[in-house]
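Asks: I have a structure here, written as structure tokens, and I will follow up with some questions on it.
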Amino acid sequence: MTTSYKGSCLCGAVQFTVNGDFQSFFLCHCQHCQKDTGSAHAANLFSTSATLNWERGAEQVKVFNLPDSRHCKSFCRECGSALPTQQMDGQLLVVPAGSLDNSLSMRPNAHLFMASKADWDHDLEDVAKLDGLPG
């Protein structure tokens, strides 16, 4: 039985389905991923066998390839949400974990590019944990 995942962007203009399994799940701390997520790291799932189907809004998907690098990002033209991208001439599917709508039981395999990690990205387990906004 093939695993199927549904996903979408923040505004709902783009919806997609991924059919198949992910081989790896990496948290990348490189400076490119920090810039394009605005956070400490990107959380991406990788598959060489899963297929991507755009259910709605394929025309809203913009792909940006950073010149002189292997860094690539797909996002919604309307809301900017990170979306799946096909890389290596379609041989690799990269799916931002946060773009999935259903739960994912897979845990990350590794943190990558730790030499580039953000200065403030340490001892985060000691930071207060709230169920919503403060106040």
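To be explicit about the labels: the chains of the structure tokens are called A, B, and onward in the order shown, and within each one the residues are counted from 1, while ligands get numbers from 1 in the order they are shown.
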Residues within 6 Å of stretch 55-57 of chain A, please, as a list in words. Count only C-alpha atoms; anything in the same chain fewer than 6 positions from it doesn't count.

Replies: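 Using only C-alpha atoms, the neighbours found are Ala13, Val14, Gln15 and Phe16 of chain A.
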
Asks: Any idea what's packed within 7 Å of stretch 113-130 of chain A, counting only C-alpha atoms, ignoring anything in its chain fewer than 5 positions away? Could you give it as JSON, numbers by chain?

Replies: {"A": [28, 29, 30, 31, 40]}

Asks: May I have the residues from that selection written out with N, CA, C and O atoms, as a short mmCIF file (atom, residue, chain, number, x, y, z; two decimals), in the first residue's frame?

Replies:
data_model
loop_
_atom_site.label_atom_id
_atom_site.label_comp_id
_atom_site.auth_asym_id
_atom_site.auth_seq_id
_atom_site.Cartn_x
_atom_site.Cartn_y
_atom_site.Cartn_z
N CYS A 28 18.21 21.40 7.97
CA CYS A 28 19.39 22.03 7.39
C CYS A 28 19.60 23.42 7.96
O CYS A 28 18.73 24.29 7.86
N HIS A 29 20.78 23.63 8.53
CA HIS A 29 21.14 24.89 9.17
C HIS A 29 22.03 25.77 8.30
O HIS A 29 22.62 26.72 8.80
N CYS A 30 22.15 25.47 7.00
CA CYS A 30 23.01 26.29 6.14
C CYS A 30 22.44 27.70 6.04
O CYS A 30 21.26 27.94 6.31
N GLN A 31 23.28 28.65 5.65
CA GLN A 31 22.85 30.04 5.58
C GLN A 31 21.77 30.25 4.52
O GLN A 31 20.90 31.11 4.69
N ALA A 40 15.90 29.23 12.07
CA ALA A 40 17.18 28.59 12.35
C ALA A 40 17.55 27.50 11.35
O ALA A 40 18.72 27.24 11.12
#

Asks: Neighbours of stretch 42-46 of chain A within 6 Å (only C-alpha atoms; same-chain residues fewer than 5 positions away dropped), as a VMD selection string?

Replies: chain A and resid 22 to 28 33 93 to 97

Asks: For the selection you just gave me, I'd like the residues written to a file as a PDB file, in the first residue's frame, keeping N, CA, C and O atoms.

Replies:
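Once everything was written out, this is part.pdb:
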ATOM      1  N   PHE A  22       9.086   8.738   2.024  1.00  0.00           N
ATOM      2  CA  PHE A  22      10.270   9.583   2.117  1.00  0.00           C
ATOM      3  C   PHE A  22      11.419   8.735   2.641  1.00  0.00           C
ATOM      4  O   PHE A  22      11.251   7.954   3.570  1.00  0.00           O
ATOM      5  N   GLN A  23      12.601   8.900   2.039  1.00  0.00           N
ATOM      6  CA  GLN A  23      13.770   8.161   2.498  1.00  0.00           C
ATOM      7  C   GLN A  23      14.509   8.882   3.618  1.00  0.00           C
ATOM      8  O   GLN A  23      15.159   8.244   4.445  1.00  0.00           O
ATOM      9  N   SER A  24      14.423  10.215   3.632  1.00  0.00           N
ATOM     10  CA  SER A  24      15.142  10.945   4.661  1.00  0.00           C
ATOM     11  C   SER A  24      14.435  12.242   5.022  1.00  0.00           C
ATOM     12  O   SER A  24      13.603  12.751   4.278  1.00  0.00           O
ATOM     13  N   PHE A  25      14.802  12.744   6.190  1.00  0.00           N
ATOM     14  CA  PHE A  25      14.218  13.958   6.755  1.00  0.00           C
ATOM     15  C   PHE A  25      15.378  14.700   7.425  1.00  0.00           C
ATOM     16  O   PHE A  25      15.927  14.229   8.419  1.00  0.00           O
ATOM     17  N   PHE A  26      15.756  15.835   6.855  1.00  0.00           N
ATOM     18  CA  PHE A  26      16.896  16.576   7.367  1.00  0.00           C
ATOM     19  C   PHE A  26      16.502  17.972   7.816  1.00  0.00           C
ATOM     20  O   PHE A  26      15.659  18.622   7.200  1.00  0.00           O
ATOM     21  N   LEU A  27      17.152  18.427   8.888  1.00  0.00           N
ATOM     22  CA  LEU A  27      17.035  19.798   9.374  1.00  0.00           C
ATOM     23  C   LEU A  27      18.318  20.491   8.940  1.00  0.00           C
ATOM     24  O   LEU A  27      19.394  20.193   9.454  1.00  0.00           O
ATOM     25  N   CYS A  28      18.214  21.400   7.975  1.00  0.00           N
ATOM     26  CA  CYS A  28      19.392  22.029   7.392  1.00  0.00           C
ATOM     27  C   CYS A  28      19.604  23.424   7.964  1.00  0.00           C
ATOM     28  O   CYS A  28      18.733  24.286   7.860  1.00  0.00           O
ATOM     29  N   CYS A  33      19.328  28.114   3.768  1.00  0.00           N
ATOM     30  CA  CYS A  33      18.062  27.678   4.375  1.00  0.00           C
ATOM     31  C   CYS A  33      17.602  28.641   5.465  1.00  0.00           C
ATOM     32  O   CYS A  33      16.403  28.865   5.635  1.00  0.00           O
ATOM     33  N   LEU A  93      12.618  14.477  -5.052  1.00  0.00           N
ATOM     34  CA  LEU A  93      11.508  15.300  -4.582  1.00  0.00           C
ATOM     35  C   LEU A  93      11.863  15.798  -3.190  1.00  0.00           C
ATOM     36  O   LEU A  93      12.184  15.008  -2.304  1.00  0.00           O
ATOM     37  N   VAL A  94      11.799  17.125  -3.011  1.00  0.00           N
ATOM     38  CA  VAL A  94      12.074  17.749  -1.721  1.00  0.00           C
ATOM     39  C   VAL A  94      10.784  18.405  -1.253  1.00  0.00           C
ATOM     40  O   VAL A  94      10.210  19.241  -1.956  1.00  0.00           O
ATOM     41  N   VAL A  95      10.319  18.013  -0.078  1.00  0.00           N
ATOM     42  CA  VAL A  95       9.046  18.496   0.454  1.00  0.00           C
ATOM     43  C   VAL A  95       9.278  19.160   1.811  1.00  0.00           C
ATOM     44  O   VAL A  95       9.735  18.502   2.747  1.00  0.00           O
ATOM     45  N   PRO A  96       8.960  20.461   1.928  1.00  0.00           N
ATOM     46  CA  PRO A  96       9.041  21.096   3.243  1.00  0.00           C
ATOM     47  C   PRO A  96       8.067  20.407   4.201  1.00  0.00           C
ATOM     48  O   PRO A  96       6.872  20.299   3.912  1.00  0.00           O
ATOM     49  N   ALA A  97       8.575  19.930   5.329  1.00  0.00           N
ATOM     50  CA  ALA A  97       7.738  19.163   6.260  1.00  0.00           C
ATOM     51  C   ALA A  97       6.527  19.964   6.715  1.00  0.00           C
ATOM     52  O   ALA A  97       5.438  19.416   6.876  1.00  0.00           O
TER      53      ALA A  97
END

Asks: What's the 12 Å shell around A:Gly80, counting only C-alpha atoms, without same-chain residues fewer than 2 positions away, as a PyMOL selection string?

Replies: chain A and resi 8-14+36-38+60-64+73-78+82-83+99

Asks: List every residue of chain A that DSSP, applied to the backbone of this structure, places in strand (DSSP E or B), and write the result as an NGL selection string.

Replies: :A and (4-8 or 15-19 or 24-28 or 42-47 or 51-56 or 61-65 or 72-76 or 82-83 or 85-87 or 92-96 or 100 or 110-112)

Asks: Would you put the residues from that selection into a file with C-alpha atoms, as a PDB file, in the first residue's frame?

Replies:
ATOM      1  CA  SER A   4      -0.209   9.337   0.498  1.00  0.00           C
ATOM      2  CA  TYR A   5       0.316  12.796   1.951  1.00  0.00           C
ATOM      3  CA  LYS A   6      -1.739  15.935   1.341  1.00  0.00           C
ATOM      4  CA  GLY A   7      -0.289  19.404   1.569  1.00  0.00           C
ATOM      5  CA  SER A   8      -1.029  23.049   0.862  1.00  0.00           C
ATOM      6  CA  GLN A  15      -2.824  22.046  -2.871  1.00  0.00           C
ATOM      7  CA  PHE A  16      -0.803  18.930  -3.643  1.00  0.00           C
ATOM      8  CA  THR A  17      -0.548  15.204  -3.001  1.00  0.00           C
ATOM      9  CA  VAL A  18       2.633  13.197  -2.532  1.00  0.00           C
ATOM     10  CA  ASN A  19       2.285   9.473  -3.187  1.00  0.00           C
ATOM     11  CA  SER A  24      15.142  10.945   4.661  1.00  0.00           C
ATOM     12  CA  PHE A  25      14.218  13.958   6.755  1.00  0.00           C
ATOM     13  CA  PHE A  26      16.896  16.576   7.367  1.00  0.00           C
ATOM     14  CA  LEU A  27      17.035  19.798   9.374  1.00  0.00           C
ATOM     15  CA  CYS A  28      19.392  22.029   7.392  1.00  0.00           C
ATOM     16  CA  ALA A  42      14.751  24.242   7.069  1.00  0.00           C
ATOM     17  CA  ALA A  43      12.913  20.951   7.716  1.00  0.00           C
ATOM     18  CA  ASN A  44      12.784  19.013   4.448  1.00  0.00           C
ATOM     19  CA  LEU A  45      11.710  15.506   3.469  1.00  0.00           C
ATOM     20  CA  PHE A  46      13.465  13.770   0.567  1.00  0.00           C
ATOM     21  CA  SER A  47      12.319  11.021  -1.781  1.00  0.00           C
ATOM     22  CA  THR A  51       5.427  11.320  -6.962  1.00  0.00           C
ATOM     23  CA  LEU A  52       4.111  14.862  -6.653  1.00  0.00           C
ATOM     24  CA  ASN A  53       0.690  15.830  -8.003  1.00  0.00           C
ATOM     25  CA  TRP A  54      -0.485  19.444  -7.964  1.00  0.00           C
ATOM     26  CA  GLU A  55      -4.201  19.201  -7.109  1.00  0.00           C
ATOM     27  CA  ARG A  56      -4.831  22.947  -7.354  1.00  0.00           C
ATOM     28  CA  VAL A  61       4.046  27.854  -7.774  1.00  0.00           C
ATOM     29  CA  LYS A  62       7.249  29.828  -8.328  1.00  0.00           C
ATOM     30  CA  VAL A  63      10.615  28.057  -8.387  1.00  0.00           C
ATOM     31  CA  PHE A  64      13.781  29.929  -7.415  1.00  0.00           C
ATOM     32  CA  ASN A  65      17.203  28.427  -8.127  1.00  0.00           C
ATOM     33  CA  CYS A  72      16.376  25.562  -4.854  1.00  0.00           C
ATOM     34  CA  LYS A  73      13.095  26.709  -3.337  1.00  0.00           C
ATOM     35  CA  SER A  74       9.489  26.498  -4.544  1.00  0.00           C
ATOM     36  CA  PHE A  75       6.869  28.754  -3.011  1.00  0.00           C
ATOM     37  CA  CYS A  76       3.348  30.106  -3.484  1.00  0.00           C
ATOM     38  CA  ALA A  82       7.384  26.899   0.968  1.00  0.00           C
ATOM     39  CA  LEU A  83       6.221  24.136  -1.373  1.00  0.00           C
ATOM     40  CA  THR A  85      10.203  21.020  -5.550  1.00  0.00           C
ATOM     41  CA  GLN A  86      11.596  18.520  -8.020  1.00  0.00           C
ATOM     42  CA  GLN A  87      15.380  18.606  -8.167  1.00  0.00           C
ATOM     43  CA  LEU A  92      14.670  13.980  -6.217  1.00  0.00           C
ATOM     44  CA  LEU A  93      11.508  15.300  -4.582  1.00  0.00           C
ATOM     45  CA  VAL A  94      12.074  17.749  -1.721  1.00  0.00           C
ATOM     46  CA  VAL A  95       9.046  18.496   0.454  1.00  0.00           C
ATOM     47  CA  PRO A  96       9.041  21.096   3.243  1.00  0.00           C
ATOM     48  CA  LEU A 100       2.057  18.771   4.783  1.00  0.00           C
ATOM     49  CA  ALA A 110      20.060  14.492  11.133  1.00  0.00           C
ATOM     50  CA  HIS A 111      20.887  18.159  11.491  1.00  0.00           C
ATOM     51  CA  LEU A 112      22.989  19.374   8.543  1.00  0.00           C
TER      52      LEU A 112
END

Asks: Under the rule that only C-alpha atoms are counted, which of A:Asn109, A:Thr48, A:Asn102, A:Ser69 is the nearest residue to A:Asp89?

Replies: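 Nearest to A:Asp89: A:Thr48.
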
Asks: In stretch 17-118 of chain A, what's alpha helix (DSSP H) per DSSP? Answer as a PyMOL selection string?

Replies: chain A and resi 31-37

Asks: Could you write out that same residue set with N, CA and C atoms as a tab-separated table (two decimals), in the first residue's frame?

Replies:
chain	number	residue	atom	x	y	z
A	31	GLN	N	23.28	28.65	5.65
A	31	GLN	CA	22.85	30.04	5.58
A	31	GLN	C	21.77	30.25	4.52
A	32	HIS	N	21.78	29.47	3.45
A	32	HIS	CA	20.72	29.59	2.43
A	32	HIS	C	19.37	29.22	3.03
A	33	CYS	N	19.33	28.11	3.77
A	33	CYS	CA	18.06	27.68	4.38
A	33	CYS	C	17.60	28.64	5.46
A	34	GLN	N	18.53	29.24	6.19
A	34	GLN	CA	18.15	30.25	7.18
A	34	GLN	C	17.49	31.43	6.49
A	35	LYS	N	18.07	31.87	5.38
A	35	LYS	CA	17.51	33.01	4.64
A	35	LYS	C	16.13	32.70	4.08
A	36	ASP	N	15.98	31.53	3.44
A	36	ASP	CA	14.69	31.30	2.78
A	36	ASP	C	13.58	30.84	3.72
A	37	THR	N	13.92	30.46	4.96
A	37	THR	CA	12.86	30.14	5.93
A	37	THR	C	12.66	31.27	6.93

Asks: If you measure from atom CA of A:Ser39 to atom CA of A:Asp68, what distance in Å do you get, rounded to one decimal?

Replies: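 Separation between atom CA of A:Ser39 and atom CA of A:Asp68: 22.8 Å.
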